[in-house]
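Enquirer: So here's input_7.cif, just mmCIF, C-alpha atoms:
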```cif
data_entry
loop_
_atom_site.group_PDB
_atom_site.id
_atom_site.type_symbol
_atom_site.label_atom_id
_atom_site.label_comp_id
_atom_site.auth_asym_id
_atom_site.auth_seq_id
_atom_site.Cartn_x
_atom_site.Cartn_y
_atom_site.Cartn_z
ATOM 1 C CA MET F 1 136.647 84.273 105.698
ATOM 2 C CA SER F 2 137.870 85.388 109.082
ATOM 3 C CA TYR F 3 135.957 87.562 111.476
ATOM 4 C CA PRO F 4 137.374 89.836 114.152
ATOM 5 C CA GLU F 5 137.393 88.370 117.629
ATOM 6 C CA TYR F 6 135.906 91.519 119.186
ATOM 7 C CA LEU F 7 132.767 93.102 117.750
ATOM 8 C CA ASP F 8 131.681 96.584 118.774
ATOM 9 C CA TYR F 9 128.022 96.050 119.745
ATOM 10 C CA PRO F 10 126.111 98.684 121.732
ATOM 11 C CA GLU F 11 126.004 98.266 125.499
ATOM 12 C CA PRO F 12 123.205 95.923 126.658
ATOM 13 C CA ARG F 13 119.958 97.661 127.562
ATOM 14 C CA TYR F 14 118.073 94.554 128.622
ATOM 15 C CA HIS F 15 119.544 92.975 131.729
ATOM 16 C CA GLY F 16 117.176 90.064 132.297
ATOM 17 C CA THR F 17 118.184 86.450 131.795
ATOM 18 C CA LYS F 18 115.077 84.864 130.247
ATOM 19 C CA GLY F 19 113.726 87.420 127.794
ATOM 20 C CA GLU F 20 110.256 88.960 127.779
ATOM 21 C CA VAL F 21 107.023 88.712 125.869
ATOM 22 C CA ASN F 22 106.875 92.242 124.454
ATOM 23 C CA ALA F 23 106.699 92.060 120.647
ATOM 24 C CA ALA F 24 104.094 94.115 118.752
ATOM 25 C CA PHE F 25 102.319 92.684 115.689
ATOM 26 C CA ARG F 26 100.469 94.790 113.118
ATOM 27 C CA PRO F 27 98.428 92.833 110.546
ATOM 28 C CA ALA F 28 98.860 93.806 106.873
ATOM 29 C CA ASP F 29 95.156 94.644 106.556
ATOM 30 C CA THR F 30 95.294 97.344 109.261
ATOM 31 C CA PRO F 31 93.837 100.510 107.698
ATOM 32 C CA PRO F 32 96.122 103.536 107.299
ATOM 33 C CA ASP F 33 96.436 105.812 110.301
ATOM 34 C CA ILE F 34 95.903 108.876 108.106
ATOM 35 C CA SER F 35 94.595 109.273 104.554
ATOM 36 C CA SER F 36 94.165 112.099 102.100
ATOM 37 C CA PRO F 37 93.328 112.165 98.396
ATOM 38 C CA SER F 38 97.043 112.052 97.516
ATOM 39 C CA ALA F 39 98.572 109.868 100.261
ATOM 40 C CA SER F 40 98.030 107.447 103.091
ATOM 41 C CA THR F 41 100.376 106.683 105.953
ATOM 42 C CA HIS F 42 100.591 103.605 108.162
ATOM 43 C CA TYR F 43 102.323 104.057 111.530
ATOM 44 C CA LEU F 44 104.211 100.751 111.682
ATOM 45 C CA ALA F 45 106.569 101.685 114.530
ATOM 46 C CA THR F 46 106.532 105.107 116.139
ATOM 47 C CA ASP F 47 109.016 106.948 118.308
ATOM 48 C CA LYS F 48 106.740 106.145 121.246
ATOM 49 C CA SER F 49 106.349 102.432 120.467
ATOM 50 C CA THR F 50 110.120 101.920 119.966
ATOM 51 C CA GLY F 51 111.240 103.981 122.935
ATOM 52 C CA GLY F 52 112.863 106.496 120.599
ATOM 53 C CA GLU F 53 114.996 103.988 118.694
ATOM 54 C CA PHE F 54 113.389 104.609 115.297
ATOM 55 C CA GLY F 55 110.170 105.426 113.470
ATOM 56 C CA LEU F 56 108.961 103.283 110.561
ATOM 57 C CA TYR F 57 106.098 104.322 108.301
ATOM 58 C CA LYS F 58 104.523 102.857 105.190
ATOM 59 C CA VAL F 59 103.577 105.683 102.837
ATOM 60 C CA GLU F 60 101.427 105.281 99.748
ATOM 61 C CA LEU F 61 101.426 108.148 97.248
ATOM 62 C CA SER F 62 98.869 108.530 94.501
ATOM 63 C CA ALA F 63 99.808 109.236 90.890
ATOM 64 C CA ARG F 64 101.529 112.592 90.360
ATOM 65 C CA SER F 65 101.857 113.276 94.095
ATOM 66 C CA ALA F 66 104.089 116.222 94.979
ATOM 67 C CA GLY F 67 105.832 114.459 97.906
ATOM 68 C CA ALA F 68 108.326 116.757 99.665
ATOM 69 C CA GLN F 69 110.592 119.482 98.296
ATOM 70 C CA THR F 70 114.295 119.671 99.131
ATOM 71 C CA HIS F 71 114.977 119.651 102.864
ATOM 72 C CA PHE F 72 117.236 118.180 105.530
ATOM 73 C CA HIS F 73 117.048 117.069 109.168
ATOM 74 C CA LYS F 74 119.429 118.120 111.949
ATOM 75 C CA ALA F 75 118.553 115.359 114.434
ATOM 76 C CA MET F 76 117.715 112.230 112.440
ATOM 77 C CA SER F 77 118.544 110.249 109.353
ATOM 78 C CA GLU F 78 115.826 109.262 106.888
ATOM 79 C CA SER F 79 115.707 106.180 104.702
ATOM 80 C CA PHE F 80 113.412 105.215 101.830
ATOM 81 C CA TYR F 81 112.688 101.658 100.664
ATOM 82 C CA ILE F 82 110.464 101.385 97.595
ATOM 83 C CA LEU F 83 107.855 98.618 97.893
ATOM 84 C CA SER F 84 105.968 99.169 94.629
ATOM 85 C CA GLY F 85 105.757 101.629 91.780
ATOM 86 C CA GLU F 86 108.328 104.338 91.114
ATOM 87 C CA LEU F 87 109.438 107.387 93.060
ATOM 88 C CA GLU F 88 111.742 110.205 92.044
ATOM 89 C CA LEU F 89 114.278 110.696 94.839
ATOM 90 C CA TYR F 90 116.646 113.643 95.174
ATOM 91 C CA ASN F 91 119.889 112.474 96.775
ATOM 92 C CA GLY F 92 121.365 115.916 97.316
ATOM 93 C CA GLU F 93 123.090 115.979 93.928
ATOM 94 C CA LYS F 94 120.607 114.662 91.402
ATOM 95 C CA TRP F 95 117.215 113.038 90.940
ATOM 96 C CA VAL F 96 117.223 109.228 90.696
ATOM 97 C CA THR F 97 114.305 106.914 89.952
ATOM 98 C CA GLY F 98 113.585 104.475 92.762
ATOM 99 C CA ARG F 99 111.780 101.259 91.893
ATOM 100 C CA ALA F 100 110.612 98.266 93.944
ATOM 101 C CA GLY F 101 113.537 97.045 96.032
ATOM 102 C CA ASP F 102 115.568 100.271 95.745
ATOM 103 C CA PHE F 103 116.808 101.958 98.908
ATOM 104 C CA LEU F 104 118.030 105.485 99.686
ATOM 105 C CA TYR F 105 119.727 106.341 102.988
ATOM 106 C CA VAL F 106 120.002 110.037 103.878
ATOM 107 C CA PRO F 107 122.352 110.756 106.810
ATOM 108 C CA VAL F 108 121.672 113.578 109.274
ATOM 109 C CA GLY F 109 122.024 116.890 107.417
ATOM 110 C CA GLY F 110 121.639 115.291 103.984
ATOM 111 C CA LEU F 111 119.604 117.195 101.414
ATOM 112 C CA HIS F 112 116.770 115.138 99.943
ATOM 113 C CA ALA F 113 113.351 115.342 98.302
ATOM 114 C CA PHE F 114 110.860 112.979 96.683
ATOM 115 C CA LYS F 115 107.877 112.990 94.332
ATOM 116 C CA ASN F 116 105.754 110.598 92.308
ATOM 117 C CA VAL F 117 105.798 111.869 88.724
ATOM 118 C CA THR F 118 104.193 108.755 87.225
ATOM 119 C CA SER F 119 100.559 108.034 86.401
ATOM 120 C CA GLU F 120 100.587 105.106 88.866
ATOM 121 C CA PRO F 121 100.443 104.982 92.684
ATOM 122 C CA MET F 122 103.500 103.863 94.638
ATOM 123 C CA SER F 123 104.318 102.679 98.153
ATOM 124 C CA MET F 124 107.429 102.887 100.304
ATOM 125 C CA LEU F 125 108.792 102.462 103.790
ATOM 126 C CA MET F 126 110.226 105.543 105.468
ATOM 127 C CA LEU F 127 112.587 105.014 108.403
ATOM 128 C CA PHE F 128 113.654 107.805 110.763
ATOM 129 C CA SER F 129 116.523 107.185 113.183
ATOM 130 C CA PRO F 130 116.583 107.927 116.001
ATOM 131 C CA GLY F 131 112.848 107.996 116.402
ATOM 132 C CA ALA F 132 111.011 111.307 116.532
ATOM 133 C CA PRO F 133 107.334 112.177 117.029
ATOM 134 C CA ARG F 134 106.580 112.392 113.278
ATOM 135 C CA GLU F 135 102.870 111.623 113.591
ATOM 136 C CA GLU F 136 101.819 115.242 114.160
ATOM 137 C CA TYR F 137 103.909 116.243 111.157
ATOM 138 C CA PHE F 138 102.142 113.715 108.904
ATOM 139 C CA GLU F 139 98.722 114.606 110.309
ATOM 140 C CA ARG F 140 99.039 118.393 110.021
ATOM 141 C CA VAL F 141 101.439 119.062 107.136
ATOM 142 C CA ALA F 142 98.633 119.551 104.572
ATOM 143 C CA GLU F 143 96.832 122.010 106.861
ATOM 144 C CA MET F 144 100.016 123.905 107.637
ATOM 145 C CA THR F 145 100.993 124.031 103.957
ATOM 146 C CA GLN F 146 97.648 125.719 103.268
ATOM 147 C CA ARG F 147 98.480 128.334 105.923
ATOM 148 C CA GLY F 148 101.970 128.864 104.503
ATOM 149 C CA GLY F 149 104.391 131.613 105.444
ATOM 150 C CA GLU F 150 106.130 131.875 108.792
ATOM 151 C CA GLU F 151 103.612 129.530 110.443
ATOM 152 C CA LEU F 152 104.542 126.733 108.011
ATOM 153 C CA LYS F 153 108.266 127.425 108.438
ATOM 154 C CA GLN F 154 108.004 127.215 112.252
ATOM 155 C CA PHE F 155 105.917 124.029 112.037
ATOM 156 C CA ARG F 156 108.583 122.433 109.847
ATOM 157 C CA ILE F 157 111.419 123.512 112.154
ATOM 158 C CA ARG F 158 109.504 122.166 115.167
ATOM 159 C CA HIS F 159 109.529 118.824 113.350
ATOM 160 C CA ASP F 160 113.235 118.919 112.405
ATOM 161 C CA SER F 161 112.452 119.612 108.741
ATOM 162 C CA TYR F 162 114.510 122.413 107.214
ATOM 163 C CA PHE F 163 113.155 123.152 103.741
ATOM 164 C CA LEU F 164 115.468 125.171 101.507
ATOM 165 C CA GLU F 165 112.537 127.292 100.337
ATOM 166 C CA ASP F 166 112.063 128.554 103.918
ATOM 167 C CA PHE F 167 115.480 130.213 104.156
ATOM 168 C CA ALA F 168 117.392 132.908 102.341
ATOM 169 C CA PRO F 169 120.747 131.680 100.960
ATOM 170 C CA GLY F 170 123.187 131.123 103.829
ATOM 171 C CA GLU F 171 120.493 131.456 106.525
ATOM 172 C CA LYS F 172 120.137 127.784 107.562
#
```
Would it be possible to restate this file's structure as structure tokens?
Expert:
Amino acid sequence: MSYPEYLDYPEPRYHGTKGEVNAAFRPADTPPDISSPSASTHYLATDKSTGGEFGLYKVELSARSAGAQTHFHKAMSESFYILSGELELYNGEKWVTGRAGDFLYVPVGGLHAFKNVTSEPMSMLMLFSPGAPREEYFERVAEMTQRGGEELKQFRIRHDSYFLEDFAPGEK
């Protein structure tokens, strides 16, 4: 197999010559950052901790958890990696069943949704790129959903989440 002589890597952002001690370790037994009866979320790498490069979250959904209805993002991609259990994933065209080891990448603007329709809990990694301050979204989405209406719509938009149910046809 031959490889091209020139590879298109991003421009260097670190300009030192010896490297730095700057890694961050999070033990597996760290409790979730937020929990509710239907979900828990672990902030593995946030927008702040990665300097905006990405956000990585471990999400655990209980049995028959509603997840998120169809939406898209204008500023970031979202990826799902199933760790355990099953999750129904909407890929913009159809629902597919994700199982341990399955991966779904949703580019910027891509319609997607997810839900746990099984009688068992599941867990997944969610990756947002570039990073965004998703923590407030995770922490307040249940409260804002209870409020509903225009307040919920504006909260979602503030967090780059455009739910189809929030807009009349052609309004996005």
Enquirer: To test your reading of the syntax: which residues would the PyMOL selection byres ((chain F and resi 47) around 12) return for the file shown? Reply as a list in words.
Expert: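 The output of the PyMOL selection byres ((chain F and resi 47) around 12) on this file is Tyr43, Leu44, Ala45, Thr46, Lys48, Ser49, Thr50, Gly51, Gly52, Glu53, Phe54, Gly55, Leu56, Tyr57, Met76, Leu127, Phe128, Ser129, Pro130, Gly131, Ala132, Pro133, Arg134, Glu135 and Glu136 of chain F.
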Enquirer: What's around Lys115 (chain F) at 9 Å? Count only C-alpha atoms, leave out sequence neighbours fewer than 2 positions away in its own chain, and write the answer as a PyMOL selection string.
Expert: chain F and resi 61+64-69+87-90+113+117
Enquirer: Convert the output of the PyMOL selection byres ((chain F and resi 99) around 7) on the shown file into explicit residues, formatted as a PyMOL selection string.
Expert: chain F and resi 82+84-87+97-98+100-102
Enquirer: If we count all atoms listed in the file, what is near Phe163 (chain F) at a cut-off of 7 Å, once residues fewer than 4 positions away on the same chain are taken out, given as a list in words?
Expert: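 The residues that qualify are Thr70, His71 and Phe72 of chain F.
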Enquirer: Rank nothing, just name the residue among F:Ala23, F:Met1, F:Val108, F:Ala63 nearest to Asp160 (chain F), using all atoms listed in the file.
Expert: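 Ranked by minimum distance to Asp160 (chain F), first place goes to F:Val108.
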Enquirer: Translate the PyMOL selection byres ((chain F and resi 105) around 6) into a concrete residue list for this structure, as a list in words.
Expert: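 Applied to this file, the PyMOL selection byres ((chain F and resi 105) around 6) selects Ser79, Leu104 and Val106 of chain F.
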Enquirer: Which distance in Å separates CA of Asp8 (chain F) and CA of Pro107 (chain F), to one decimal?
Expert: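 Interatomic distance here is 20.8 Å.
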Enquirer: Expressed in Å to a single decimal, how great is the separation between CA of His73 (chain F) and CA of Glu93 (chain F)?
Expert: 16.4 Å
Enquirer: Skipping near chain neighbours, those fewer than 2 positions away, what residues fall within 7 Å of Ser62 (chain F) using all atoms listed in the file, listed as a PyMOL selection string?
Expert: chain F and resi 38-39+60+64-65+120-122
Enquirer: Just checking: using only C-alpha atoms, which residue out of F:Gly16, F:Val96, F:Lys153, F:Val59 ends up closest to His42 (chain F)?
Expert: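 Closest residue, counting only C-alpha atoms: F:Val59.
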Enquirer: F:His112, F:Pro10, F:Val21, F:Lys94: which is nearest Phe80 (chain F), counting all atoms listed in the file?
Expert: F:His112
Enquirer: Enter the distance from CA of Leu125 (chain F) to CA of Ser35 (chain F), in Å, rounded to one decimal.
Expert: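 Between CA of Leu125 (chain F) and CA of Ser35 (chain F) the gap is 15.8 Å.
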Enquirer: Residues near Gln154 (chain F), anyone? I mean within 12 Å using only C-alpha atoms, not counting same-chain ones fewer than 2 positions away, as number ranges by chain.
Expert: F: 137, 141, 144-145, 147-152, 156-163, 166-167
Enquirer: Based on the selection just made, write C-alpha atoms of those residues as a PDB file, in the frame of the given file.
Expert:
```
ATOM      1  CA  TYR F 137     103.909 116.243 111.157  1.00  0.00           C
ATOM      2  CA  VAL F 141     101.439 119.062 107.136  1.00  0.00           C
ATOM      3  CA  MET F 144     100.016 123.905 107.637  1.00  0.00           C
ATOM      4  CA  THR F 145     100.993 124.031 103.957  1.00  0.00           C
ATOM      5  CA  ARG F 147      98.480 128.334 105.923  1.00  0.00           C
ATOM      6  CA  GLY F 148     101.970 128.864 104.503  1.00  0.00           C
ATOM      7  CA  GLY F 149     104.391 131.613 105.444  1.00  0.00           C
ATOM      8  CA  GLU F 150     106.130 131.875 108.792  1.00  0.00           C
ATOM      9  CA  GLU F 151     103.612 129.530 110.443  1.00  0.00           C
ATOM     10  CA  LEU F 152     104.542 126.733 108.011  1.00  0.00           C
ATOM     11  CA  ARG F 156     108.583 122.433 109.847  1.00  0.00           C
ATOM     12  CA  ILE F 157     111.419 123.512 112.154  1.00  0.00           C
ATOM     13  CA  ARG F 158     109.504 122.166 115.167  1.00  0.00           C
ATOM     14  CA  HIS F 159     109.529 118.824 113.350  1.00  0.00           C
ATOM     15  CA  ASP F 160     113.235 118.919 112.405  1.00  0.00           C
ATOM     16  CA  SER F 161     112.452 119.612 108.741  1.00  0.00           C
ATOM     17  CA  TYR F 162     114.510 122.413 107.214  1.00  0.00           C
ATOM     18  CA  PHE F 163     113.155 123.152 103.741  1.00  0.00           C
ATOM     19  CA  ASP F 166     112.063 128.554 103.918  1.00  0.00           C
ATOM     20  CA  PHE F 167     115.480 130.213 104.156  1.00  0.00           C
TER      21      PHE F 167
END
```
